[in-house]
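The structure appears below as structure tokens.
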Amino acid sequence: MKRKSEKIVKQVNITEHNKTEEELKQSEEKYRKLYEELKEVNKELRELIIIDPHTELYNFRYFEEVVEKEFEYAKRYSHSLSLVMIDIDYFKSINDVYDHQFGDLVLKQLAKQLKGNVRRYDTVIRFGGEEFVIIFPGVDRAEALNLSNKILSTVNSYNFGNEEHSVRLRLSMGITSYPEDRVTKATDLLDFADQILHKVKEDGGNRVYSSNNIKIRKTPISEDEKKVKSLKEMLDEITRRANQTLIKTISAFIKTIDIESVYTVEHSEKVSKYAVKISKILDLSENEIGLIEEASLLHDIGKIGISRKILFKNGKLTEEEYERVKKHPEIAVDIIRSIRNLHSVIPIILHHHERWNGKGYPDGLKGEDIPLEARIITVADVYHALTSNRPYRKAYSKNEAMEIIKNSSGTDFDPKIVEIFLKILREEK
């Protein structure tokens, strides 16, 4: 009887099981459709969560995700990673004067400008209020400074607003970079950038600073860190010597090509000598002085790409010829871009023809927006050019050149640097 009962129960279970499978087959299709719909809804919800609805940029939630991923990727594959934190100077005044609706329009327009002036694989984020963050994968400090200065220049020259009201924006920008800033986790990038941004604000805003402009230290240096620092200093010295050897090699190369005495290495060496003297009086670091020396030696290398007919023209250049000459800083950058050890001098060389009043080239940077190192080289470069013979004029005397430099203080040149340089020249034997 027991066996018979077990047989009946087993048969019933099989029947019930078959019935459940049949029902599941019918339900599976319903569940699959519901799952696909749910995926689409989740995707839309995620976009709502990570996108700032006003500017259509990514928001802080997305930043927390992406910065961790980018940092881990940079560490794993020994890539560079830079982050720039941006704050609009005096934005409260814009809201107070023109109302919040106008301020919202300006934020929207700025977001569009930022997106339009980065590479397609950079990430622009509205961090909150009038603060933005840009993540630059694969970009070191020097390149981040270059990219950020270009963004600042573009934004400074753009008219924000509408037909009724128009405003120009000033931006404070703080950059941190891995591995240069020795950050150990992704959140350090943002923390350091925030500290640097605070320094920019203290110094008047509307400029780009990196950690070179501010000393950041969270904890006392341990013995292990001192050992690491000592080793790094040794490696830095080796790198510095390697760079000097590289520069000498390039200088020797320049001497072999067909550029006559007007633009010889001798000119660059004289400029370098004066630029280093100015830098030491300004109490710049050894690293900064080294960069200035390197940039000085290489600042005119781009003239290799300018026609001899233009360079040695015995008379005034045409507008077209002058536009060609103005390309030589960019040509120089193209020449040295492939040499990784020289990336730090790129912004200096690129901007050594900018002018204090904003009427220089290539980007029309103004005042302290121009890298300090470039401002130093500019004065030394012009002085030596003035005291050298040119096809279109004879050399000015030392006193005449000093007077020209003095009269151009505050227009072409940084007044502080002019004051230091003239003192150096007066004390020369």
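The chains in the structure tokens are called A, B, ... from first to last as shown; in each chain the residues are counted from 1, and the ligands are counted from 1 in the order shown.
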Next on the checklist: Going by DSSP on the backbone, which residues of segment 49-151 of chain A come out as strand (DSSP E)? List them as a list in words.
Outcome noted: Leu81, Ser82, Leu83, Val84, Met85, Ile86, Asp87, Ile88, Thr123, Val124, Ile125, Arg126, Phe127, Gly128, Glu131, Phe132, Val133, Ile134, Ile135, Phe136 and Pro137 of chain A
Let's have the selection written as a short mmCIF file (atom, residue, chain, number, x, y, z; two decimals), in the first residue's frame, with N, CA and C atoms.
data_model
loop_
_atom_site.label_atom_id
_atom_site.label_comp_id
_atom_site.auth_asym_id
_atom_site.auth_seq_id
_atom_site.Cartn_x
_atom_site.Cartn_y
_atom_site.Cartn_z
N LEU A 81 47.34 61.84 -15.56
CA LEU A 81 45.94 62.22 -15.36
C LEU A 81 45.91 63.58 -14.70
N SER A 82 45.16 64.51 -15.27
CA SER A 82 45.04 65.84 -14.68
C SER A 82 43.59 66.20 -14.46
N LEU A 83 43.39 67.05 -13.46
CA LEU A 83 42.05 67.53 -13.12
C LEU A 83 42.13 69.03 -12.91
N VAL A 84 41.22 69.77 -13.50
CA VAL A 84 41.17 71.21 -13.28
C VAL A 84 39.82 71.57 -12.65
N MET A 85 39.88 72.30 -11.56
CA MET A 85 38.68 72.78 -10.89
C MET A 85 38.49 74.25 -11.26
N ILE A 86 37.28 74.61 -11.65
CA ILE A 86 37.00 75.94 -12.19
C ILE A 86 35.90 76.61 -11.37
N ASP A 87 36.12 77.87 -11.06
CA ASP A 87 35.10 78.65 -10.36
C ASP A 87 34.95 80.01 -11.07
N ILE A 88 33.73 80.45 -11.27
CA ILE A 88 33.49 81.75 -11.91
C ILE A 88 33.71 82.85 -10.88
N THR A 123 36.34 64.87 -19.79
CA THR A 123 35.02 64.88 -19.15
C THR A 123 34.79 66.22 -18.45
N VAL A 124 33.72 66.91 -18.83
CA VAL A 124 33.36 68.19 -18.21
C VAL A 124 32.19 67.96 -17.26
N ILE A 125 32.32 68.45 -16.04
CA ILE A 125 31.33 68.20 -14.99
C ILE A 125 30.91 69.50 -14.33
N ARG A 126 29.62 69.65 -14.13
CA ARG A 126 29.16 70.76 -13.28
C ARG A 126 29.20 70.24 -11.85
N PHE A 127 30.16 70.75 -11.10
CA PHE A 127 30.41 70.23 -9.76
C PHE A 127 29.36 70.73 -8.77
N GLY A 128 28.87 71.92 -9.02
CA GLY A 128 27.85 72.50 -8.15
C GLY A 128 27.88 74.01 -8.25
N GLU A 131 30.69 76.15 -9.96
CA GLU A 131 31.95 75.38 -10.00
C GLU A 131 31.85 74.24 -11.02
N PHE A 132 32.93 74.08 -11.76
CA PHE A 132 33.01 73.02 -12.77
C PHE A 132 34.33 72.26 -12.59
N VAL A 133 34.35 71.05 -13.10
CA VAL A 133 35.57 70.22 -13.07
C VAL A 133 35.76 69.62 -14.45
N ILE A 134 37.02 69.61 -14.91
CA ILE A 134 37.35 68.91 -16.15
C ILE A 134 38.39 67.84 -15.83
N ILE A 135 38.16 66.64 -16.30
CA ILE A 135 39.11 65.54 -16.13
C ILE A 135 39.82 65.33 -17.46
N PHE A 136 41.16 65.42 -17.44
CA PHE A 136 41.98 65.26 -18.63
C PHE A 136 42.75 63.93 -18.56
N PRO A 137 42.24 62.84 -19.12
CA PRO A 137 43.00 61.58 -19.12
C PRO A 137 44.24 61.68 -20.01
#
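Using only C-alpha atoms for every distance, the candidate list A:Ser307, A:Asn146, A:Thr55, A:Thr187 yields A:Asn146 as the residue closest to Pro347 of chain A.
Shortest atom-to-atom contact with Leu110 of chain A among A:Arg168, A:Arg141, A:Arg76, A:Lys280: A:Arg168, counting only C-alpha atoms.
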Item to check | Spatial neighbours of segment 290-306 of chain A, max dist 7 Å, only C-alpha atoms, sep filter under 4 positions, as a PyMOL selection string | outcome: chain A and resi 268-269+271-272+275-276+286+311+325+328-329+331-332+345+348-349+373+377
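Interatomic distance, atom CA of Ser388 of chain A against atom CA of Glu428 of chain A: 17.6 Å.
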